[in-house]
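Down below is the structure, laid out as structure tokens.
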Amino acid sequence: MRVAVAMSGGVDSSVAALLLKEAGHEVVGLSMQLWDHSSDSARTGRCCTLDDLSDARRVAWTLDVPHYVVNLEDEFREDVVRPFVASYLAGETPIPCSACNSKVKFATLWDRARAMGCDAVATGHYARIGSDPASGRPVLMKGIDPDKDQSYFLYDLTAEQLAAARFPVGSLTKAQVRAHARRANLPTADKEESQEICFVPAGTRAGEFVEATAPGFGLPLPTVPGTVENARGERLGEHGGHFRFTVGQRRGLGVSAPERLYVISIDPAANRVVVGGAAEIESLEAEVTDLSFPSGERPLGSFRAGVRIRHRAAEVPATVTPRADGTARVVFDRPVKAAAPGQSCVFYRGDVVLGGGVLGRR
Amino acid sequence: MIYLDNNASTALDPEVREAMNAALELYGNPSSVHSAGRRARRAIEEAREEVALLVGARSEEIFFTSGGTESNALAIFGTIARARGRIVTSAAEHPSVREPVARLAEAGFETASVSPDRSGALDPAKVADAALPGTLLVSVMAANNEYGGLYPILAIAAEARERGIAIHTDAVQAAGRVSIDVASWGVDLLSLSAHKIHGPKGTGALYVRHGVTLEPHTPGGGQERRIRAGTENTIGIVGFGIAARLARERLSSEPAQIGRRRDRLEMGILETIPGTTAVGAGTPRLPNTSAILFDGLSGDALLFRLDLEGIAVSVGSACSSGTLAPSPAILALGFSREQAKGVVRFSLSRLTTDEEIERVLRILPGLVADARAARSRGPSPATVPADA
């Protein structure tokens with residue numbers, strides 16, 4: 001089988017390529033040029049820099065597989081970065097990685113791979129693909145390594161995308177991945193990982209990035225200053241742009257109060273950041289939009305699930321009630337803290353990802 | 001491998017290789033007085049004669065450089081260092097002209113670029129219109145690297161000289177493919193590269209018309225008549241000399257043969273693959289180049305697929321990352337970004353055979369159909385029961 005491996009220049013996708021090659025597949029390495037980092041002052045530790053591309057190339061040489069760099073800057077800008085900026089301006093805290101996976105890696109990149117005669121596209125994600133014993137369809141599952149599991153970022157793959165996806169390192173721990181890389185002398189064996197948002201320059205906050213790039217997208221910035229208020233509508237201070245805040249944030253509120261204050265909601269229409277005490281960031285319910293089920297089948301009624309409201313958060317048992325319009329109501333068995341609009345809300349049953357959506361506002 | 005990327009670089013001619021092998025022994029510094037130095041000097045001067053003959057110049061008007069990029073930079077920066085003024089180029093120039101001019105624009109120079117029209121033709125009257133009073137330099141390529149368009153250098157140069165404006169042409173792609181005569185072209189400066197004519201990489205030349213003065217950009221020893229300091233690349237220059245001679249000797253017969261094969265390839269593609277257009281086919285162009293716009297196709301995907309099949313072509317302009325961005329030259333003709341991404345360049349050489357062309361024509365339609373199908377399918381939304 002000819003398999004395209006999305007090679008980021010990191011150790012995980014390097015080992016993904018190694019394992020597929022060793023399994024006898026015809027491996028084609030594809031790296032994506034997604035963002036022009038040439039204007040960033042600090043470029044190390046970012047995704048898709050020239051250094052990463054040359055690392056991917058060196059790994060491909062080591063493995064003796066062809067390697068190509070695909071320029072997807074236009075697609076990335078429109079399908080990932082623009083929605084990211086728009087989401088912040090709408091008072092949300094978006095996750096660009098999910099959009100990158102479903103709209104770029106397993107969409108445009110997969111198109112390129114298919115055009116090249118590839119039968120599947122593999123990445124270095126820590127996730128697994130199982131099969132539903134009843135239907136035989138592929139199901140998305142957590143990676144074996146609980147510290148590295150990335151299934152949270154993959155819940156919105158479609159059934160077709162999932163059928164073409166391969167996650168060769170999902171059944172390994174990070175330590176095992178590094179061991180494979182060392183065994184095969186891959187130049188990326190000891191490379192550090194990057195976990196920040198790849199297109200936001202190192203040392204820059206997301207809010208600063210939004211402020212700098214919104215005009216280029218034709219997205220209006222709110223007027224400043226706006227107000228910081230409590231839930232009773234009492235004005236406590238001013239802020240320099242609501243998009244610099246995220247629900248649950250405690251530092252940098254610019255307001256002094258006897259108790260610890262947290263951002264409990266962001267109201268972009270009124271350019272208002274609402275703060276409150278620890279009890280006020282808890283919620284027992286959440287509204288979820290843009291539901292997606294990687295099995296391709298949406299449950300017809302309510303179902304029980306372990307629900308994650310952010311990456312690496314503990315799962316909280318909950319009852320999910322999907323609606324016909326692609327939204328759902330999630331009722332948690334115990335309160336969750338700081339459910340931030342824009343974050344993904346992912347439903348698990350054991351290791352299986354049932355589906356998920358985007359947290360809406362309360 | 002079927003190599004159809006000769007506008008990027010060409011294979012070393014065996015005769016060039018042999019001469020370069022022999023030149024490995026010419027270790028003396030060409031500036032040295034002793035016999036080892038003199039032997040190297042003689043080899044370089046013989047090569048200079050050959051390069052001069054290729055373009056109808058006198059040998060003392062040829063200055064060796066590290067390649068086309070350096071020649072272009074030397075021509076532009078060397079001219080503007082002596083005076084200030086406006087610079088006019090075409091919008092389809094190679095980056096080695098475009099970027100120096102962009103840098104000068106940042107430094108406060110007035111610049112203008114003239115676009116070819118959709119057919120690929122560049123109107124000399126438009127260049128003349130852009131060359132307002134105060135223009136110091138007009139730099140227009142003789143042949144475009146992306147689609148092969150030949151620009152009317154004679155007419156442009158005549159107008160420039162009339163107005164006392166220096167005229168430079170990047171003839172890197174034209175050399176060996178069309179005949180070049182600096183005297184009848186009337187240019188002051190002309191850039192050449194060895195590796196586009198089956199010579200070695202790392203060697204080029206700048207023709208500087210007698211009487212034109214340039215400011216050197218590399219201070220150092222007085223090599224190349226003080227225009228380009230640095231010990232000469234004897235081996236590369238010797239290879240360039242042989243390549244220039246072969247190009248001149250072959251000029252009367254080979255471009256026509258290459259042109260017939262190019263036409264066969266192009267007509268075959270246009271006839272058998274729907275949704276294809278030959279960019280610039282209606283305008284005078286290089287005999288070896290065919291830029292095909294494939295509707296609804298990502299050129300890079302086709303490039304990668306062809307590479308896996310052992311066929312080398314190119315798409316767009318390669319950047320430092322090895323990624324492919326839409327070609328600025330194709331965009332300059334007025335094509336959209338989407339269209340420009342669907343343009344694939346086939347560039348032939350004297351080594352391209354009829355069998356190779358036929359093989360490409362056999363497998364290309366299927367690959368294009370696959371690539372188009374992959375793109376039109378796209379990601380499908382999750383199947384959701386309508387009544388859920």
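In the structure tokens, chains take letters A, B, ... by order of appearance, with residues numbered from 1 within each chain and ligands from 1 in the order shown.
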
For the interface of chain A with chain B (cut-off 8 Å, counting only C-alpha atoms), please tabulate each contacting residue of chain A alongside its nearest pair of atoms and their separation in Å to one decimal, rows sorted by chain and increasing number, as JSON lines.
{"residue": "A:Gln33", "atom": "CA", "partner": "B:Thr323", "partner_atom": "CA", "distance": 6.7}
{"residue": "A:Leu50", "atom": "CA", "partner": "B:Ser321", "partner_atom": "CA", "distance": 5.8}
{"residue": "A:Leu53", "atom": "CA", "partner": "B:Ser321", "partner_atom": "CA", "distance": 6.8}
{"residue": "A:Ser54", "atom": "CA", "partner": "B:Ser321", "partner_atom": "CA", "distance": 7.9}
{"residue": "A:Tyr68", "atom": "CA", "partner": "B:Phe304", "partner_atom": "CA", "distance": 7.2}
{"residue": "A:Val69", "atom": "CA", "partner": "B:Thr323", "partner_atom": "CA", "distance": 5.1}
{"residue": "A:Val70", "atom": "CA", "partner": "B:Thr323", "partner_atom": "CA", "distance": 5.9}
{"residue": "A:Asn71", "atom": "CA", "partner": "B:Thr323", "partner_atom": "CA", "distance": 5.5}
{"residue": "A:Phe106", "atom": "CA", "partner": "B:Pro379", "partner_atom": "CA", "distance": 7.9}
{"residue": "A:Ala107", "atom": "CA", "partner": "B:Pro379", "partner_atom": "CA", "distance": 5.6}
{"residue": "A:Thr108", "atom": "CA", "partner": "B:Gly378", "partner_atom": "CA", "distance": 7.5}
{"residue": "A:Asp111", "atom": "CA", "partner": "B:Arg375", "partner_atom": "CA", "distance": 5.4}
{"residue": "A:Arg112", "atom": "CA", "partner": "B:Ala301", "partner_atom": "CA", "distance": 5.2}
{"residue": "A:Ala113", "atom": "CA", "partner": "B:Ala301", "partner_atom": "CA", "distance": 7.4}
{"residue": "A:Arg114", "atom": "CA", "partner": "B:Ala374", "partner_atom": "CA", "distance": 5.5}
{"residue": "A:Ala115", "atom": "CA", "partner": "B:Ala371", "partner_atom": "CA", "distance": 3.9}
{"residue": "A:Met116", "atom": "CA", "partner": "B:Arg305", "partner_atom": "CA", "distance": 4.6}
{"residue": "A:Gly117", "atom": "CA", "partner": "B:Arg305", "partner_atom": "CA", "distance": 7.3}
{"residue": "A:Thr158", "atom": "CA", "partner": "B:Ala382", "partner_atom": "CA", "distance": 5.0}
{"residue": "A:Ala159", "atom": "CA", "partner": "B:Ala382", "partner_atom": "CA", "distance": 6.2}
{"residue": "A:Glu160", "atom": "CA", "partner": "B:Ser380", "partner_atom": "CA", "distance": 6.9}
{"residue": "A:Gln161", "atom": "CA", "partner": "B:Pro379", "partner_atom": "CA", "distance": 6.9}
{"residue": "A:Ser292", "atom": "CA", "partner": "B:Ala382", "partner_atom": "CA", "distance": 7.1}
{"residue": "A:Phe293", "atom": "CA", "partner": "B:Ala382", "partner_atom": "CA", "distance": 7.0}
{"residue": "A:Pro294", "atom": "CA", "partner": "B:Ala382", "partner_atom": "CA", "distance": 7.2}
{"residue": "A:Gly296", "atom": "CA", "partner": "B:Ala382", "partner_atom": "CA", "distance": 4.9}
{"residue": "A:Glu297", "atom": "CA", "partner": "B:Val384", "partner_atom": "CA", "distance": 6.0}
{"residue": "A:Arg298", "atom": "CA", "partner": "B:Val384", "partner_atom": "CA", "distance": 6.1}
{"residue": "A:Pro299", "atom": "CA", "partner": "B:Ala388", "partner_atom": "CA", "distance": 8.0}
{"residue": "A:Leu300", "atom": "CA", "partner": "B:Ala388", "partner_atom": "CA", "distance": 5.7}
{"residue": "A:Arg323", "atom": "CA", "partner": "B:Ala388", "partner_atom": "CA", "distance": 7.5}
{"residue": "A:Ala324", "atom": "CA", "partner": "B:Ala388", "partner_atom": "CA", "distance": 5.3}

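The residue set within 7 Å of stretch 225-233 of chain A, counting only C-alpha atoms and dropping same-chain residues fewer than 4 places from it, reads Gly237, Glu238, His239, Gly240, Gly241, Asn271, Arg272, Val273, Val274, Val275 and Gly276 of chain A.
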
Within 8 Å of B:Glu50 using only C-alpha atoms, minus same-chain residues under 2 positions, as a list in words:
Glu46, Ala47, Arg48, Ala52, Leu53, Leu54, Gly241, Ile242, Ala244 and Arg245 of chain B

Please provide the set of residues having any atom within 7 Å of stretch 174-188 of chain A, restricted to only C-alpha atoms, with same-chain residues fewer than 5 positions apart removed, written as a list of chain:residue names.
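Final neighbour list, sorted by chain and number: A:Gly10, A:Val11, A:Asp12, A:Val15, A:Asp55, A:Arg58, A:Val59, A:Thr62, A:Val169.
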
Report as CSV: every residue of stretch 127-177 of chain B with an atom at most 12 Å from stretch 273-281 of chain B, its closest pair of atoms, and their distance in Å to one decimal, counting only C-alpha atoms, with rows sorted by chain and ascending residue number.
residue,atom,partner,partner_atom,distance
B:Ala143,CA,B:Gly280,CA,11.8
B:Asn144,CA,B:Gly280,CA,10.2
B:Asn145,CA,B:Gly280,CA,11.9
B:Glu146,CA,B:Val279,CA,9.4
B:Tyr147,CA,B:Gly280,CA,6.4
B:Gly148,CA,B:Gly280,CA,7.6
B:Gly149,CA,B:Gly280,CA,6.4
B:Leu150,CA,B:Gly280,CA,9.7
B:Tyr151,CA,B:Gly280,CA,11.6

Non-local contacts of A:Val358 (12 Å; only C-alpha atoms; under 6 positions in same chain excluded) as a PyMOL selection string
chain A and resi 87+92-96+98-99+152-153+155-156+286-292+308-310+326-330+339-347

Could those selected residues go to a file with C-alpha atoms, as a PDB file, in the first residue's frame?
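Saved result, selection.pdb, follows:
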ATOM      1  CA  SER A  87     -13.489  33.002  17.256  1.00  0.00           C
ATOM      2  CA  GLU A  92     -14.327  32.377  22.485  1.00  0.00           C
ATOM      3  CA  THR A  93     -11.139  30.401  23.103  1.00  0.00           C
ATOM      4  CA  PRO A  94     -10.701  28.320  19.950  1.00  0.00           C
ATOM      5  CA  ILE A  95      -8.575  25.229  19.324  1.00  0.00           C
ATOM      6  CA  PRO A  96      -6.917  25.626  15.938  1.00  0.00           C
ATOM      7  CA  SER A  98      -8.797  20.452  15.552  1.00  0.00           C
ATOM      8  CA  ALA A  99      -9.558  22.590  12.515  1.00  0.00           C
ATOM      9  CA  TYR A 152      -9.289  15.268  21.886  1.00  0.00           C
ATOM     10  CA  PHE A 153      -7.993  17.061  18.757  1.00  0.00           C
ATOM     11  CA  TYR A 155     -12.986  14.062  17.336  1.00  0.00           C
ATOM     12  CA  ASP A 156     -14.300  15.959  14.320  1.00  0.00           C
ATOM     13  CA  ALA A 286     -22.995  22.998  28.756  1.00  0.00           C
ATOM     14  CA  GLU A 287     -24.356  23.772  25.315  1.00  0.00           C
ATOM     15  CA  VAL A 288     -22.436  22.219  22.444  1.00  0.00           C
ATOM     16  CA  THR A 289     -22.618  23.174  18.766  1.00  0.00           C
ATOM     17  CA  ASP A 290     -21.232  21.725  15.529  1.00  0.00           C
ATOM     18  CA  LEU A 291     -21.646  18.140  16.675  1.00  0.00           C
ATOM     19  CA  SER A 292     -19.514  15.593  14.933  1.00  0.00           C
ATOM     20  CA  ARG A 308     -13.630  16.336  28.401  1.00  0.00           C
ATOM     21  CA  ILE A 309     -13.989  20.086  28.122  1.00  0.00           C
ATOM     22  CA  ARG A 310     -10.337  20.798  27.494  1.00  0.00           C
ATOM     23  CA  GLY A 326     -26.397  19.574  15.303  1.00  0.00           C
ATOM     24  CA  THR A 327     -26.330  20.959  18.833  1.00  0.00           C
ATOM     25  CA  ALA A 328     -26.472  19.144  22.142  1.00  0.00           C
ATOM     26  CA  ARG A 329     -27.053  19.731  25.804  1.00  0.00           C
ATOM     27  CA  VAL A 330     -24.566  18.170  28.172  1.00  0.00           C
ATOM     28  CA  ALA A 339     -16.041  25.531  30.373  1.00  0.00           C
ATOM     29  CA  ALA A 340     -14.673  28.023  27.850  1.00  0.00           C
ATOM     30  CA  PRO A 341     -16.734  28.726  24.727  1.00  0.00           C
ATOM     31  CA  GLY A 342     -14.798  27.704  21.612  1.00  0.00           C
ATOM     32  CA  GLN A 343     -13.026  24.790  23.282  1.00  0.00           C
ATOM     33  CA  SER A 344     -13.848  21.294  22.147  1.00  0.00           C
ATOM     34  CA  CYS A 345     -16.205  19.161  24.183  1.00  0.00           C
ATOM     35  CA  VAL A 346     -15.430  15.524  23.504  1.00  0.00           C
ATOM     36  CA  PHE A 347     -17.514  12.512  24.491  1.00  0.00           C
TER      37      PHE A 347
END
